[in-house]
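Asker: File my_file-v1.tsv follows (TSV, C-alpha atoms and all ligand atoms):
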chain	number	residue	atom	x	y	z
A	1	MET	CA	-127.23	-49.68	150.07
A	2	LYS	CA	-125.86	-46.50	151.52
A	3	LEU	CA	-122.46	-45.77	150.18
A	4	ARG	CA	-122.19	-42.25	151.53
A	5	VAL	CA	-123.29	-43.23	155.00
A	6	ARG	CA	-120.81	-46.09	155.08
A	7	LEU	CA	-118.00	-43.74	154.03
A	8	ARG	CA	-118.97	-41.23	156.66
A	9	LYS	CA	-119.03	-43.98	159.28
A	10	ALA	CA	-115.52	-44.98	158.38
A	11	ALA	CA	-114.38	-41.42	159.06
A	12	VAL	CA	-116.10	-41.50	162.45
A	13	VAL	CA	-114.40	-44.76	163.35
A	14	CYS	CA	-111.02	-43.15	162.62
A	15	LEU	CA	-111.84	-40.37	165.02
A	16	ILE	CA	-112.87	-42.86	167.74
A	17	ALA	CA	-109.61	-44.70	167.21
A	18	ALA	CA	-107.68	-41.47	167.53
A	19	SER	CA	-109.50	-40.58	170.74
A	20	SER	CA	-109.19	-44.01	172.31
A	21	ALA	CA	-105.49	-44.16	171.68
A	22	LEU	CA	-105.22	-40.68	173.16
A	23	ALA	CA	-103.63	-39.63	169.90
A	24	PHE	CA	-104.81	-36.08	169.76
A	25	VAL	CA	-106.37	-34.88	166.53
A	26	GLY	CA	-103.56	-32.42	166.04
A	27	PRO	CA	-101.22	-31.27	163.30
A	28	SER	CA	-100.71	-34.79	161.88
A	29	HIS	CA	-104.49	-34.96	161.33
A	30	GLY	CA	-104.68	-31.42	159.98
A	31	ALA	CA	-107.34	-32.28	157.43
A	32	VAL	CA	-109.70	-33.48	160.14
A	33	VAL	CA	-109.17	-30.37	162.24
A	34	ALA	CA	-109.77	-28.17	159.22
A	35	ALA	CA	-113.17	-29.83	158.74
A	36	LEU	CA	-114.24	-29.07	162.30
A	37	PRO	CA	-116.43	-26.07	163.09
A	38	SER	CA	-114.80	-22.75	163.81
A	39	ALA	CA	-114.05	-21.67	167.37
A	40	TRP	CA	-113.84	-24.50	169.88
A	41	SER	CA	-114.79	-27.99	168.78
A	42	ILE	CA	-115.54	-30.59	171.41
A	43	ALA	CA	-115.97	-34.29	170.74
A	44	VAL	CA	-117.19	-36.77	173.33
A	45	ASN	CA	-116.41	-40.35	172.25
A	46	SER	CA	-116.19	-38.86	168.76
A	47	ALA	CA	-119.72	-37.34	168.86
A	48	MET	CA	-119.38	-33.63	168.29
A	49	LEU	CA	-121.07	-31.36	170.81
A	50	PRO	CA	-123.47	-29.06	168.99
A	51	PRO	CA	-122.00	-25.57	168.68
A	52	PRO	CA	-122.84	-24.28	172.17
A	53	GLU	CA	-124.70	-21.01	172.67
A	54	ASP	CA	-121.96	-20.26	175.15
A	55	SER	CA	-118.44	-21.19	174.17
A	56	PRO	CA	-116.00	-23.07	176.37
A	57	CYS	CA	-113.81	-20.89	178.55
A	58	LEU	CA	-110.41	-21.00	180.15
A	59	GLU	CA	-110.07	-20.59	183.91
A	60	ASP	CA	-106.70	-20.94	185.66
A	61	GLY	CA	-105.36	-22.54	182.48
A	62	ARG	CA	-108.07	-25.21	182.50
A	63	LEU	CA	-110.63	-25.79	179.79
A	64	TYR	CA	-114.21	-25.47	181.02
A	65	VAL	CA	-117.11	-26.71	178.87
A	66	PRO	CA	-120.82	-25.83	179.14
A	67	ALA	CA	-122.26	-28.55	181.41
A	68	ARG	CA	-125.67	-28.83	179.77
A	69	ALA	CA	-124.26	-29.25	176.24
A	70	PHE	CA	-121.74	-31.79	177.53
A	71	PHE	CA	-124.31	-33.99	179.26
A	72	SER	CA	-126.87	-33.76	176.48
A	73	THR	CA	-124.19	-35.02	174.07
A	74	VAL	CA	-123.44	-37.99	176.30
A	75	ALA	CA	-127.12	-38.97	175.94
A	76	ALA	CA	-128.40	-37.95	179.35
A	77	ASP	CA	-132.05	-38.87	179.89
A	78	SER	CA	-132.73	-35.75	181.92
A	79	ILE	CA	-130.83	-32.68	183.07
A	80	GLU	CA	-132.21	-30.50	185.84
A	81	TRP	CA	-130.94	-27.52	187.78
A	82	ARG	CA	-131.88	-27.24	191.46
A	83	ASP	CA	-130.27	-26.53	194.84
A	84	GLN	CA	-127.18	-25.00	193.20
A	85	SER	CA	-126.47	-28.32	191.45
A	86	MET	CA	-126.95	-29.87	188.06
A	87	TRP	CA	-128.74	-33.23	188.33
A	88	VAL	CA	-128.23	-35.63	185.45
A	89	ALA	CA	-129.92	-38.99	184.91
A	90	MET	CA	-128.35	-41.37	182.40
A	91	GLY	CA	-129.77	-44.90	182.22
A	92	LYS	CA	-129.47	-46.41	185.70
A	93	ASN	CA	-126.92	-43.81	186.78
A	94	SER	CA	-127.46	-40.45	188.38
A	95	PHE	CA	-125.01	-37.61	188.72
A	96	ARG	CA	-125.05	-34.45	190.82
A	97	ILE	CA	-122.62	-31.70	189.96
A	98	PRO	CA	-122.64	-29.03	192.68
A	99	ALA	CA	-121.43	-25.53	191.76
A	100	GLY	CA	-118.18	-24.47	193.43
A	101	LYS	CA	-117.36	-27.89	194.93
A	102	ARG	CA	-114.39	-30.08	194.03
A	103	PHE	CA	-116.42	-33.24	193.60
A	104	ILE	CA	-119.30	-34.75	191.68
A	105	GLU	CA	-121.68	-37.35	193.02
A	106	VAL	CA	-122.13	-40.51	190.97
A	107	ASN	CA	-125.03	-42.61	192.24
A	108	GLY	CA	-124.73	-40.85	195.60
A	109	ILE	CA	-120.95	-41.47	195.91
A	110	GLN	CA	-118.64	-38.44	195.96
A	111	ILE	CA	-115.80	-38.51	193.45
A	112	GLY	CA	-113.15	-35.84	193.85
A	113	MET	CA	-112.19	-33.42	191.08
A	114	ASP	CA	-109.11	-31.21	191.06
A	115	ALA	CA	-111.22	-28.20	190.03
A	116	PRO	CA	-114.82	-27.23	190.81
A	117	ALA	CA	-117.75	-26.65	188.45
A	118	ILE	CA	-118.29	-22.89	188.08
A	119	ILE	CA	-121.14	-20.56	187.18
A	120	ARG	CA	-120.62	-17.92	184.46
A	121	ASN	CA	-123.47	-15.78	183.11
A	122	SER	CA	-125.99	-17.97	184.97
A	123	ARG	CA	-124.71	-21.13	183.26
A	124	MET	CA	-122.74	-24.00	184.69
A	125	TYR	CA	-119.34	-24.91	183.25
A	126	VAL	CA	-117.45	-28.04	184.19
A	127	PRO	CA	-113.69	-28.59	184.01
A	128	ALA	CA	-113.45	-30.91	180.99
A	129	ARG	CA	-110.48	-32.99	182.15
A	130	ALA	CA	-111.74	-33.38	185.73
A	131	ILE	CA	-115.26	-34.37	184.67
A	132	ALA	CA	-113.87	-36.89	182.14
A	133	ARG	CA	-111.67	-38.41	184.87
A	134	ALA	CA	-114.55	-38.54	187.36
A	135	LEU	CA	-116.55	-40.48	184.75
A	136	GLY	CA	-113.66	-42.90	184.25
A	137	GLY	CA	-112.37	-41.33	181.03
A	138	THR	CA	-109.73	-39.02	179.64
A	139	MET	CA	-109.55	-35.65	177.90
A	140	VAL	CA	-107.03	-34.10	175.56
A	141	TRP	CA	-107.12	-30.57	174.20
A	142	ASP	CA	-105.02	-28.23	172.20
A	143	PRO	CA	-105.31	-24.45	172.63
A	144	ALA	CA	-103.65	-23.94	169.22
A	145	THR	CA	-106.30	-25.79	167.19
A	146	LYS	CA	-109.06	-25.13	169.74
A	147	ALA	CA	-110.07	-28.80	169.66
A	148	CYS	CA	-111.00	-30.86	172.70
A	149	SER	CA	-111.58	-34.60	172.69
A	150	VAL	CA	-113.13	-36.44	175.65
A	151	PHE	CA	-113.11	-40.23	175.72
A	152	ILE	CA	-115.19	-42.16	178.24
A	153	PRO	CA	-114.96	-45.92	177.55
A	154	ASP	CA	-118.40	-47.10	178.68
A	155	LEU	CA	-120.63	-44.45	177.19
A	156	LYS	CA	-122.76	-45.41	174.24
A	157	ILE	CA	-123.81	-42.37	172.28
A	158	PRO	CA	-126.39	-42.67	169.50
A	159	GLN	CA	-124.98	-41.29	166.26
A	160	ALA	CA	-126.74	-40.63	162.99
A	161	GLY	CA	-125.63	-43.05	160.31
A	162	ALA	CA	-124.20	-45.58	162.74
A	163	GLU	CA	-125.31	-49.21	162.76
A	164	GLY	CA	-128.50	-49.83	164.77
A	165	ILE	CA	-129.33	-46.13	165.13
A	166	LEU	CA	-132.74	-44.96	163.99
A	167	CYS	CA	-132.52	-41.46	162.59
A	168	VAL	CA	-135.82	-39.57	162.38
A	169	SER	CA	-135.56	-36.45	160.20
A	170	PHE	CA	-138.30	-33.85	160.11
A	171	ILE	CA	-137.17	-32.22	156.89
A	172	ASP	CA	-137.41	-28.44	156.54
A	173	VAL	CA	-139.71	-28.21	153.50
A	174	GLY	CA	-141.23	-24.81	154.36
A	175	GLN	CA	-144.95	-24.86	155.14
A	176	GLY	CA	-145.64	-28.58	154.80
A	177	GLU	CA	-144.38	-31.89	156.02
A	178	ALA	CA	-141.92	-34.64	155.08
A	179	ILE	CA	-140.45	-37.11	157.56
A	180	LEU	CA	-137.68	-39.65	156.89
A	181	LEU	CA	-137.10	-42.64	159.17
A	182	ASP	CA	-133.75	-44.24	158.44
A	183	LEU	CA	-132.46	-47.33	160.25
A	184	ASP	CA	-129.53	-49.16	158.65
A	185	ASP	CA	-130.84	-50.20	155.22
A	186	THR	CA	-134.48	-49.46	156.04
A	187	ASP	CA	-135.90	-46.14	154.84
A	188	LEU	CA	-139.46	-44.92	155.28
A	189	LEU	CA	-140.80	-41.58	154.03
A	190	ILE	CA	-143.96	-40.02	155.40
A	191	ASP	CA	-145.26	-37.23	153.13
A	192	GLY	CA	-143.24	-35.28	150.58
A	193	GLY	CA	-143.71	-31.57	151.28
A	194	PRO	CA	-145.41	-28.85	149.20
A	195	ASP	CA	-142.91	-28.38	146.37
A	196	ARG	CA	-143.79	-30.13	143.09
A	197	THR	CA	-140.12	-30.57	142.24
A	198	GLY	CA	-139.62	-32.35	145.58
A	199	SER	CA	-136.11	-30.91	145.44
A	200	LYS	CA	-135.56	-30.36	149.18
A	201	VAL	CA	-136.79	-33.85	150.05
A	202	ILE	CA	-134.89	-35.57	147.26
A	203	GLN	CA	-131.69	-33.71	148.09
A	204	TYR	CA	-132.07	-34.54	151.79
A	205	LEU	CA	-132.64	-38.24	151.07
A	206	LYS	CA	-129.63	-38.35	148.77
A	207	THR	CA	-127.34	-36.78	151.37
A	208	GLN	CA	-128.53	-39.47	153.78
A	209	GLY	CA	-127.46	-42.11	151.27
A	210	VAL	CA	-131.00	-43.32	150.55
A	211	ASP	CA	-131.34	-45.08	147.20
A	212	ASP	CA	-134.66	-46.83	147.65
A	213	LEU	CA	-137.63	-46.49	149.97
A	214	ASP	CA	-139.20	-49.45	151.76
A	215	LEU	CA	-142.41	-47.55	152.44
A	216	VAL	CA	-143.92	-44.22	151.43
A	217	ILE	CA	-146.96	-42.98	153.34
A	218	ALA	CA	-149.15	-40.14	152.07
A	219	THR	CA	-151.03	-39.16	155.24
A	220	HIS	CA	-153.76	-37.31	153.30
A	221	SER	CA	-154.12	-35.61	149.93
A	222	HIS	CA	-153.49	-31.97	150.89
A	223	GLU	CA	-150.83	-30.38	148.71
A	224	ASP	CA	-148.47	-29.45	151.54
A	225	HIS	CA	-148.06	-33.21	152.11
A	226	ILE	CA	-148.21	-34.86	148.69
A	227	ASN	CA	-146.99	-32.36	146.09
A	228	GLY	CA	-143.38	-33.53	146.40
A	229	LEU	CA	-144.18	-37.25	146.30
A	230	PRO	CA	-144.47	-37.79	142.50
A	231	ALA	CA	-140.92	-36.44	142.08
A	232	VAL	CA	-139.79	-38.76	144.91
A	233	PHE	CA	-141.22	-41.71	142.95
A	234	ASP	CA	-139.24	-40.52	139.92
A	235	ALA	CA	-136.01	-40.28	141.92
A	236	PHE	CA	-136.18	-43.46	144.05
A	237	HIS	CA	-137.41	-47.02	143.77
A	238	VAL	CA	-140.40	-47.35	146.14
A	239	LYS	CA	-141.21	-50.82	147.46
A	240	SER	CA	-144.54	-50.17	149.19
A	241	TYR	CA	-147.12	-47.42	149.58
A	242	LEU	CA	-149.96	-46.54	151.91
A	243	ASP	CA	-152.47	-43.68	151.96
A	244	ASN	CA	-155.76	-42.94	153.71
A	245	GLY	CA	-157.80	-44.57	150.93
A	246	ILE	CA	-159.70	-41.38	150.08
A	247	PRO	CA	-159.37	-40.24	146.47
A	248	ALA	CA	-159.18	-36.50	145.74
A	249	ALA	CA	-160.17	-34.63	142.58
A	250	THR	CA	-156.92	-32.69	142.42
A	251	SER	CA	-154.12	-32.75	139.87
A	252	SER	CA	-151.52	-33.50	142.59
A	253	PHE	CA	-153.49	-36.53	143.73
A	254	ARG	CA	-153.98	-37.81	140.17
A	255	CYS	CA	-150.30	-37.32	139.44
A	256	LEU	CA	-149.32	-39.25	142.58
A	257	GLU	CA	-151.74	-42.08	141.78
A	258	SER	CA	-150.28	-42.49	138.31
A	259	LYS	CA	-146.74	-42.66	139.74
A	260	VAL	CA	-147.80	-45.27	142.33
A	261	SER	CA	-149.43	-47.38	139.59
A	262	ALA	CA	-146.45	-47.05	137.28
A	263	GLU	CA	-144.08	-48.06	140.10
A	264	GLY	CA	-146.11	-51.23	140.61
A	265	CYS	CA	-145.28	-51.23	144.33
A	266	LEU	CA	-147.10	-53.11	147.02
A	267	ARG	CA	-150.11	-51.15	148.34
A	268	PHE	CA	-151.26	-51.52	151.93
A	269	ASP	CA	-154.77	-50.48	152.93
A	270	GLU	CA	-155.26	-48.01	155.74
A	271	GLY	CA	-156.88	-50.38	158.26
A	272	ASN	CA	-155.44	-51.43	161.62
A	273	GLN	CA	-152.27	-53.41	161.00
A	274	THR	CA	-148.68	-53.71	162.13
A	275	LEU	CA	-146.07	-53.60	159.39
A	276	ARG	CA	-142.50	-54.67	160.02
A	277	PHE	CA	-139.53	-53.12	158.20
A	278	GLY	CA	-136.20	-54.42	159.48
A	279	ALA	CA	-136.21	-53.75	163.22
A	280	LEU	CA	-138.93	-51.10	162.90
A	281	ASN	CA	-142.55	-51.79	163.82
A	282	VAL	CA	-145.02	-49.53	162.08
A	283	GLU	CA	-148.44	-49.79	163.63
A	284	ILE	CA	-151.14	-48.19	161.48
A	285	ILE	CA	-153.99	-47.03	163.69
A	286	GLU	CA	-157.33	-46.83	161.98
A	287	THR	CA	-159.32	-43.78	163.02
A	288	VAL	CA	-162.25	-42.21	161.14
A	289	ASP	CA	-163.04	-43.25	157.56
A	290	GLN	CA	-165.00	-40.14	156.79
A	291	ALA	CA	-164.82	-36.70	158.33
A	292	GLU	CA	-165.99	-33.17	157.62
A	293	ASP	CA	-162.37	-32.14	157.67
A	294	LEU	CA	-160.07	-34.20	155.39
A	295	ASN	CA	-157.23	-33.54	157.86
A	296	ASP	CA	-158.91	-35.84	160.39
A	297	THR	CA	-158.61	-38.77	157.97
A	298	SER	CA	-154.79	-38.55	158.05
A	299	VAL	CA	-152.96	-41.86	158.33
A	300	VAL	CA	-151.80	-42.37	161.94
A	301	ALA	CA	-148.61	-44.38	162.48
A	302	LEU	CA	-147.05	-45.47	165.75
A	303	VAL	CA	-143.44	-46.42	165.02
A	304	THR	CA	-141.64	-48.51	167.62
A	305	TYR	CA	-137.92	-49.21	167.79
A	306	GLY	CA	-136.69	-51.01	170.89
A	307	SER	CA	-138.43	-49.33	173.81
A	308	LYS	CA	-138.91	-46.03	171.95
A	309	ARG	CA	-142.29	-45.02	170.53
A	310	ILE	CA	-142.90	-42.34	167.91
A	311	LEU	CA	-146.38	-41.05	167.10
A	312	LEU	CA	-146.99	-39.49	163.68
A	313	ALA	CA	-150.53	-38.36	162.94
A	314	GLY	CA	-150.30	-36.04	159.94
A	315	ASP	CA	-152.81	-33.22	160.14
A	316	ALA	CA	-155.34	-35.11	162.29
A	317	GLY	CA	-157.10	-33.08	164.96
A	318	SER	CA	-159.03	-33.52	168.18
A	319	ALA	CA	-161.69	-35.57	166.35
A	320	VAL	CA	-159.30	-38.52	166.58
A	321	ASP	CA	-158.08	-37.89	170.16
A	322	GLN	CA	-160.00	-40.93	171.37
A	323	TYR	CA	-157.88	-43.20	169.14
A	324	LEU	CA	-154.60	-41.53	169.99
A	325	THR	CA	-155.04	-41.46	173.78
A	326	ARG	CA	-155.24	-45.29	173.67
A	327	VAL	CA	-151.61	-45.25	172.56
A	328	GLY	CA	-150.49	-43.97	175.99
A	329	ARG	CA	-147.09	-42.41	176.65
A	330	VAL	CA	-144.76	-41.87	173.70
A	331	ASP	CA	-141.16	-40.71	173.44
A	332	LEU	CA	-141.48	-38.59	170.30
A	333	TYR	CA	-144.60	-36.80	169.10
A	334	LYS	CA	-144.97	-35.01	165.78
A	335	ALA	CA	-147.39	-32.19	166.57
A	336	GLU	CA	-150.66	-32.54	164.66
A	337	HIS	CA	-151.50	-30.18	161.80
A	338	HIS	CA	-148.40	-27.97	161.98
A	339	GLY	CA	-149.19	-26.99	165.58
A	340	SER	CA	-152.76	-25.91	164.85
A	341	TRP	CA	-155.46	-25.47	167.49
A	342	THR	CA	-157.54	-28.09	165.62
A	343	GLY	CA	-155.41	-30.73	167.35
A	344	ASN	CA	-152.73	-31.04	170.05
A	345	SER	CA	-155.27	-30.77	172.87
A	346	ALA	CA	-154.11	-30.66	176.49
A	347	ALA	CA	-156.23	-33.79	177.04
A	348	LEU	CA	-154.17	-35.66	174.42
A	349	LEU	CA	-150.77	-34.29	175.42
A	350	SER	CA	-151.36	-35.03	179.10
A	351	VAL	CA	-151.63	-38.70	178.10
A	352	LEU	CA	-148.80	-38.76	175.54
A	353	GLN	CA	-146.27	-36.91	177.79
A	354	PRO	CA	-143.60	-37.01	175.04
A	355	ASP	CA	-139.92	-36.39	175.72
A	356	PHE	CA	-139.76	-34.57	172.37
A	357	SER	CA	-142.44	-32.76	170.35
A	358	VAL	CA	-141.67	-31.57	166.84
A	359	ILE	CA	-143.74	-28.96	164.97
A	360	CYS	CA	-143.40	-28.95	161.16
A	361	TYR	CA	-144.11	-25.51	159.71
A	362	GLY	CA	-142.63	-22.81	157.51
A	363	ALA	CA	-141.44	-19.48	158.87
A	364	GLU	CA	-143.94	-16.63	158.43
A	365	ASN	CA	-146.63	-18.91	157.01
A	366	PRO	CA	-149.94	-17.18	156.21
A	367	PHE	CA	-151.87	-19.39	158.66
A	368	GLY	CA	-150.18	-18.06	161.79
A	369	LEU	CA	-148.98	-21.55	162.69
A	370	PRO	CA	-148.08	-22.82	165.16
A	371	ASP	CA	-150.94	-21.57	167.33
A	372	ARG	CA	-149.59	-19.76	170.41
A	373	LYS	CA	-151.84	-21.60	172.82
A	374	VAL	CA	-150.86	-24.94	171.30
A	375	ALA	CA	-147.18	-24.05	171.62
A	376	GLY	CA	-147.85	-23.50	175.33
A	377	VAL	CA	-149.60	-26.89	175.66
A	378	LEU	CA	-146.70	-28.62	173.88
A	379	ARG	CA	-144.18	-26.92	176.15
A	380	GLU	CA	-146.17	-27.84	179.26
A	381	TYR	CA	-146.36	-31.56	178.50
A	382	SER	CA	-143.18	-32.21	176.47
A	383	GLY	CA	-139.61	-32.53	177.66
A	384	GLN	CA	-138.44	-30.48	174.69
A	385	VAL	CA	-140.21	-28.75	171.77
A	386	LEU	CA	-138.47	-28.44	168.39
A	387	TRP	CA	-139.56	-27.03	165.02
A	388	THR	CA	-138.58	-27.26	161.37
A	389	ALA	CA	-138.92	-23.58	160.40
A	390	GLY	CA	-135.48	-22.76	159.01
A	391	LYS	CA	-133.77	-26.07	159.86
A	392	SER	CA	-134.51	-29.79	159.65
A	393	VAL	CA	-134.90	-31.50	163.03
A	394	VAL	CA	-133.03	-34.79	163.45
A	395	ILE	CA	-133.64	-37.09	166.40
A	396	THR	CA	-131.73	-40.34	166.87
A	397	THR	CA	-132.33	-43.37	169.03
A	398	ASP	CA	-130.64	-46.71	169.61
A	399	GLY	CA	-133.95	-48.05	170.93
A	400	VAL	CA	-132.89	-47.29	174.52
A	401	SER	CA	-132.16	-43.58	174.65
A	402	MET	CA	-133.12	-40.75	172.36
A	403	LYS	CA	-131.42	-37.48	171.57
A	404	VAL	CA	-131.51	-34.46	169.27
A	405	GLN	CA	-128.65	-34.26	166.78
B	501	ZN	ZN	-150.61	-29.98	156.35
Could you spell out this file's structure in structure tokens?
Ligand SMILES: [Zn+2]
Answerer:
Amino acid sequence: MKLRVRLRKAAVVCLIAASSALAFVGPSHGAVVAALPSAWSIAVNSAMLPPPEDSPCLEDGRLYVPARAFFSTVAADSIEWRDQSMWVAMGKNSFRIPAGKRFIEVNGIQIGMDAPAIIRNSRMYVPARAIARALGGTMVWDPATKACSVFIPDLKIPQAGAEGILCVSFIDVGQGEAILLDLDDTDLLIDGGPDRTGSKVIQYLKTQGVDDLDLVIATHSHEDHINGLPAVFDAFHVKSYLDNGIPAATSSFRCLESKVSAEGCLRFDEGNQTLRFGALNVEIIETVDQAEDLNDTSVVALVTYGSKRILLAGDAGSAVDQYLTRVGRVDLYKAEHHGSWTGNSAALLSVLQPDFSVICYGAENPFGLPDRKVAGVLREYSGQVLWTAGKSVVITTDGVSMKVQ
């Protein structure tokens, strides 16, 4: 049950209805406008563009929007700049938007626009109305409220909280790790961060409308991963639990064990197995049972939703590369051990080739993480590298495409 999410969804549906009927979100919907971010707000099929680094601009009385932000919001698979053009791939379709020309190419066919894409401060801007029309849609905007709404009928944009959308949140818990996977009524939590009150994790889960957890995984017993979990057990009903099977002589571990026992939830062992929660497949990959470094015994989970594959390996390091390379290419990779040099080898990343890599770490941590060389390796082999220092990272997928919220 997710009351808050359902309520939020209802609000989104209203906005879609407003866009599709071309009823502009104007003075009669003042409350909605007031809730929008300051400066220009741009919605594409009701999904808000993230606040762009560069704001929209007016040219000859037309509204121009930053091309990269626009296409990343409409769930483009890739966006490249070459030969004075922006090249966008989206499912089976490809688009080329040449600078200074009054057309765009859709699957190699030229479609005229009444205004050209322009370059300002080395960035491409596209005329919002013309690009919407070229894609078979419409655009309305209002200079007074600084709100722009683009509606393109056939686009399907993954949205957090919507039905059938898996939302993967790498929660900002400072120096530590906590990851929520939320798909409809299925909620999985991997690790609980370093804070014994678990307050950041609990608050985050509550704002997502979580009221019980189908599975909690403790990857290994280090405090930056399990300290917050006992409080999570206090705050939510937990249906099942899995850890690496290695007891620790620490108070945090003992506290967690007592909460797990008191909860009476189902316990899975750490061996090779595929668990199914709703439409999510969680493949637990057995690696080493014993290691000099406890980090290497971290639970490794490969989560699959539709065609999208997400690899989560706690603080494991290169000692388990041989198990992880068997996984092959993945779409989303949670960097091992907070971006430490003990893992994230070029040999591993060259096999994984993720579209997104996420590093979980706290700003100005005393360990100097992430390692600079590792950051370079992640950048070299990943489509995009994101991090939790200062802000939770949220990635959504409908099982077909994947995007950053
Ligand atoms: Zn850690």
Asker: As a VMD selection string, please: the residues near Phe277 in chain A (cut-off 9 Å, only C-alpha atoms, same-chain neighbours under 2 positions excluded).
Answerer: chain A and resid 186 to 188 214 to 215 275 279 to 282
Asker: Write out as a PyMOL selection string each polymer residue (protein, DNA or RNA) that has an atom no more than 6 Å from ligand ZN 501 (chain B), with all atoms listed in the file counted.
Answerer: chain A and resi 176+224-225+315+337
Asker: Do a neighbour search on range 266-271 of chain A at 6 Å with only C-alpha atoms, toss out local chain neighbours closer than 2 positions, and write the hits as a PyMOL selection string.
Answerer: chain A and resi 240-242+244+286
Asker: So which residues touch Gly61 in chain A within 12 Å, counting only C-alpha atoms, skipping near sequence neighbours fewer than 6 positions away, as a count of residues only?
Answerer: 7
Asker: Skip Asp83 in chain A itself and residues of its chain fewer than 2 positions away, then list as number ranges by chain all residues within 12 Å of it, counting all atoms listed in the file.
Answerer: A: 80-81, 85-87, 96-99
Asker: So how far away is CA of Gly306 in chain A from CA of Thr397 in chain A, in Å?
Answerer: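 So the two atoms, CA of Thr397 in chain A and CA of Gly306 in chain A, lie 9.0 Å apart.
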Asker: Could you name the residues that touch Ser392 in chain A at 9 Å or less, counting all atoms listed in the file, but leaving out those on the same chain fewer than 5 positions away, as a short mmCIF file (atom, residue, chain, number, x, y, z; two decimals) with C-alpha atoms, in the frame of the given file?
Answerer:
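Once everything was written out, this is result-v4.cif:
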data_model
loop_
_atom_site.label_atom_id
_atom_site.label_comp_id
_atom_site.auth_asym_id
_atom_site.auth_seq_id
_atom_site.Cartn_x
_atom_site.Cartn_y
_atom_site.Cartn_z
CA SER A 169 -135.56 -36.45 160.20
CA PHE A 170 -138.30 -33.85 160.11
CA ILE A 171 -137.17 -32.22 156.89
CA ASP A 172 -137.41 -28.44 156.54
CA VAL A 173 -139.71 -28.21 153.50
CA TRP A 387 -139.56 -27.03 165.02
#
Asker: Which distance in Å separates CA of Gly112 in chain A and CA of Ser401 in chain A, to one decimal?
Answerer: 28.1 Å
Asker: For the atom pair CA of Ala316 in chain A and CA of Val299 in chain A, what is the interatomic distance in Å to one decimal place?
Answerer: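 Interatomic distance, CA of Ala316 in chain A to CA of Val299 in chain A: 8.2 Å.
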Asker: Of the residues A:Trp341, A:Gln353, A:Gly164, A:Met402, which is the one nearest to Gly91 in chain A, using all atoms listed in the file?
Answerer: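 Counting all atoms listed in the file, the residue closest to Gly91 in chain A is A:Met402.
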Asker: For the point (-125.1, -26.0, 179.5) in the file's frame, write as a list in words all residues with an atom no more than 8 Å away, counting all atoms listed in the file.
Answerer: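 Residues with an atom at most 8 Å from (-125.1, -26.0, 179.5): Pro52, Asp54, Pro66, Ala67, Arg68, Ala69, Phe70, Arg123, Met124 and Tyr125 of chain A.
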Asker: For range 348-352 of chain A, take all atoms listed in the file, fit an axis-aligned box around them, add 6 Å to each of the six sides, then output centre and edge lengths in Å rounded to one decimal, as JSON.
Answerer:
{"center_x": -151.5, "center_y": -36.5, "center_z": 176.8, "size_x": 17.4, "size_y": 16.5, "size_z": 16.7}
